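Worksheet: the structure to be examined is printed underneath.
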Amino acid sequence: MSVDTDPEFDFSGSAIERKRLYGKLFLGLCISAAMVGIVALIALLADVLYEAWGWVTWEFLTYPPSQVPDHFIPGNYGDLDTGPAGIYPAIIGSIYLIVLTAIFTLFLGVGAAIYLEEYAPDTRLTQFIEANIANLAGVPSIVYGLLGLAMFVRALQTGASLIAGALTLTLLILPIVIVASQEALKAVPDSMRQASYGTGATKWQTIRNVVLPEAIPGIMTGIILSLSRAIGETAPILMVGAAASMFTPPQLTDPTGAFSAMPTTIFDWITLPDEAFQHVAAAGIVVLLTILLLMNATAILIRNKYDRRA
Amino acid sequence: MSDETSDRRNGLRSTLASIGPGRGRFAIGNLLSTNSETTGMTANSGESETVGTPESEQTPAGIDSAAGDMPSSDRPLGTPRVDDAIIEARNLEVFYGDTQALHNIHMDIPEKQVTALIGPSGCGKSTFLRSINRMNDLIDVARVEGDLYFHGKNIYDEDVDPVALRRKIGMVFQKPNPFPKSIFDNVAYGLRVQGKDDNVEEQVYTALERAALLEEVEDQLDESGLDLSGGQQQRLCIARAIATDPEVILMDEPASALDPVATSKIEDLVEELAQEYTVAIVTHNMQQAARISDKTAVFLTGGHLVEFDDTNKIFENPQSDRVEDYITGKFG
């Protein structure tokens with residue numbers, strides 16, 4: 001240390017050390033908070049994968065279920081008179097359910113969002129509607145199940161059908177889709193709209209040519225994420241009467257027919273006493289999770305593809 | 001005219017000469033001829049406390065013929081009537097909610113000339129510009145009162161479709177706002193929405209040519225308009241506005257976000273455009289107004305039009321002292 005160093009100046013920063021310690025403690029707290037979620041997810045996945053290991057086979061994906069646990073065991077496939085057992089009808093049921101739900105939500109959700117964001121005057125009524133849409137997003141899914149049961153299955157006489165399930169899931173995710181689509185529309189800069197109006201475009205031309213193309217990626221992301229929530233929902237489709245297991249997949253041409261879906265089938269398996277069914281249920285969960293992750297990956301891809309431009 | 005006034009003009013003229021290259025608009029003949037146009041509007045607006053030297057040639061008869069529909073009490077100083085007006089504002093007032101943004105605006109915008117609207121921030125000049133093509137309609141809380149005539153038709157009449165109006169009166173905004181589409185599609189946008197889409201290619205090339213942008217972008221017409229530089233983007237927006245061949249082009253501080261080189265290109269372009277179009281341009285930059293405009297309207301605090309006259313008159317011998325203070329940089 002040289003002679004003319006200011007003795008008053010605390011070069012080592014020892015007085016700041018304590019404050020730094022608080023910072024580090026806080027950082028540790030935040031990291032552990034983040035870790036709780038990640039660790040829980042990994043533990044869950046590891047458990048399911050361990051249980052399902054060896055049980056997810058091609059036959060599992062392509063054959064209807066069975067009451068007999070032996071039919072699911074891959075080692076037995078060759079010895080069976082009836083053929084192996086699997087989850088096939090429920091996969092098809094879930095996919096059809098999601099396709100129908102996607103069609104309904106696309107029109108209802110985006111339509112409502114465009115009206116609220118682009119057309120509706122900013123009145124108390126509009127604000128009331130918007131606030132309630134946000135509230136609806138927080139309503140428990142079983143309530144939508146009861147609503148679907150009363151409205152579609154009973155009042156509209158659809159029976160425990162694919163269409164009743166799809167409409168109920170539509171109601172469930174509609175608020176989320178509307179809010180996400182509104183956000184996407186809000187994110188379109190006003191200068192774009194003005195540029196369009198300035199060149200003599202009508203409102204519809206502006207929405208069609210400028211606003212929607214800008215908002216579509218955000219809207220699509222919102223819809224796909226909502227659908228990946230819908231595909232895993234059990235309570236609402238249980239309420240409208242989705243079958244625990246069906247031996248034939250539903251037909252898209254007959255949307256009023258009975259159906260089973262992956263969550264209800266898995267739920268049914270878990271309630272069965274035979275130990276083999278725990279592995280079968282785990283295998284079903286793996287299939288469901290794979291489909292769900294694929295949908296989320298699609299949403300992320302869409303978002304990244306279009307985000308670059310801005 | 002007194003010698004004193006002449007001296008003052010000469011002094012200011014030399015000041016102006018140093019501001020920008022002479023483009024013939026500040027010739028002496030031009031300067032003096034403005035007097036004959038002065039229609040005897042003795043400056044008596046409540047807004048200006050002091051009145052500049054009244055012109056000796058003023059004749060009372062002028063009031064009847066030229067300013068019959070312009071109440072003298074609200075008239076701005078200068079010569080707010082022009083002979084070849086394409087746009088005439090009469091007693092125009094704009095409100096945003098409870099706030100009045102424009103008070104009793106009386107002014108004309110002459111055909112195929114550049115009219116500059118200058119004034120400090122918040123003085124209502126942009127509001128006035130946006131009321132010409134009814135862009136204020138897009139703001140929920142905005143309300144317009146009074147009359148604004150385009151070709152003698154009040155555009156705030158109920159039978160006027162604002163979309164049809166905007167097809168005649170194009171607009172260029174302060175911040176370049178090209179669409180996230182290709183350069184070609186940006187220019188073609190107006191043509192397509194207006195259904196003028198036979199020969200799109202030819203019209204797009206013509207518009208780019210007239211906007212002095214064609215040479216720079218000819219090889220990249222299918223690239224995004226957002227990849228251009230700021231100045232190029234603004235010229236792209238000008239090309240987009242003139243592609244549909246409107247009669248009037250409104251420009252809201254088109255160069256305020258640009259560097260000096262890009263600004264000077266826009267200025268050249270504006271002067272060029274005035275040969276075919278009527279241009280109304282809002283600017284913060286007084287030198288710019290002096291360089292490129294034929295007429296200048298000075299808006300001061302709170303949405304009052306204080307003086308409107310030939311640009312050289314405004315810059316060399318404004319009637320209002322407040323305008324003179326503003327122009328010479330004493331405030332604002």
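Scheme for the structure tokens: letters A, B, ... for chains in order shown; per-chain residue numbers from 1; ligand numbers from 1 in order shown.
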Q) Could you write out as a list in words the residues of chain A within 8 Å of chain B, counting only C-alpha atoms? A) Ser191, Met192, Gln194, Ala195, Ser196, Tyr197, Gly198, Thr199, Gly200, Ala201, Thr202, Gln205, Val210 and Arg309 of chain A
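Proximity to Glu93 in chain B was assessed for B:His304, B:Lys265, B:Lys295, B:Lys330 counting only C-alpha atoms; the smallest distance is recorded for B:His304.
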Q.
According to DSSP computed on the backbone, where in range 75-282 of chain A is there alpha helix (DSSP H)? Give the residues as an NGL selection string.
A. :A and (88-114 or 124-136 or 141-148 or 162-186 or 190-198 or 203-206 or 212-230 or 235-239 or 262-271 or 276-282)
Q | Length of the CA of Asp309 in chain B to CA of His103 in chain B vector [Å] | A | 18.4 Å
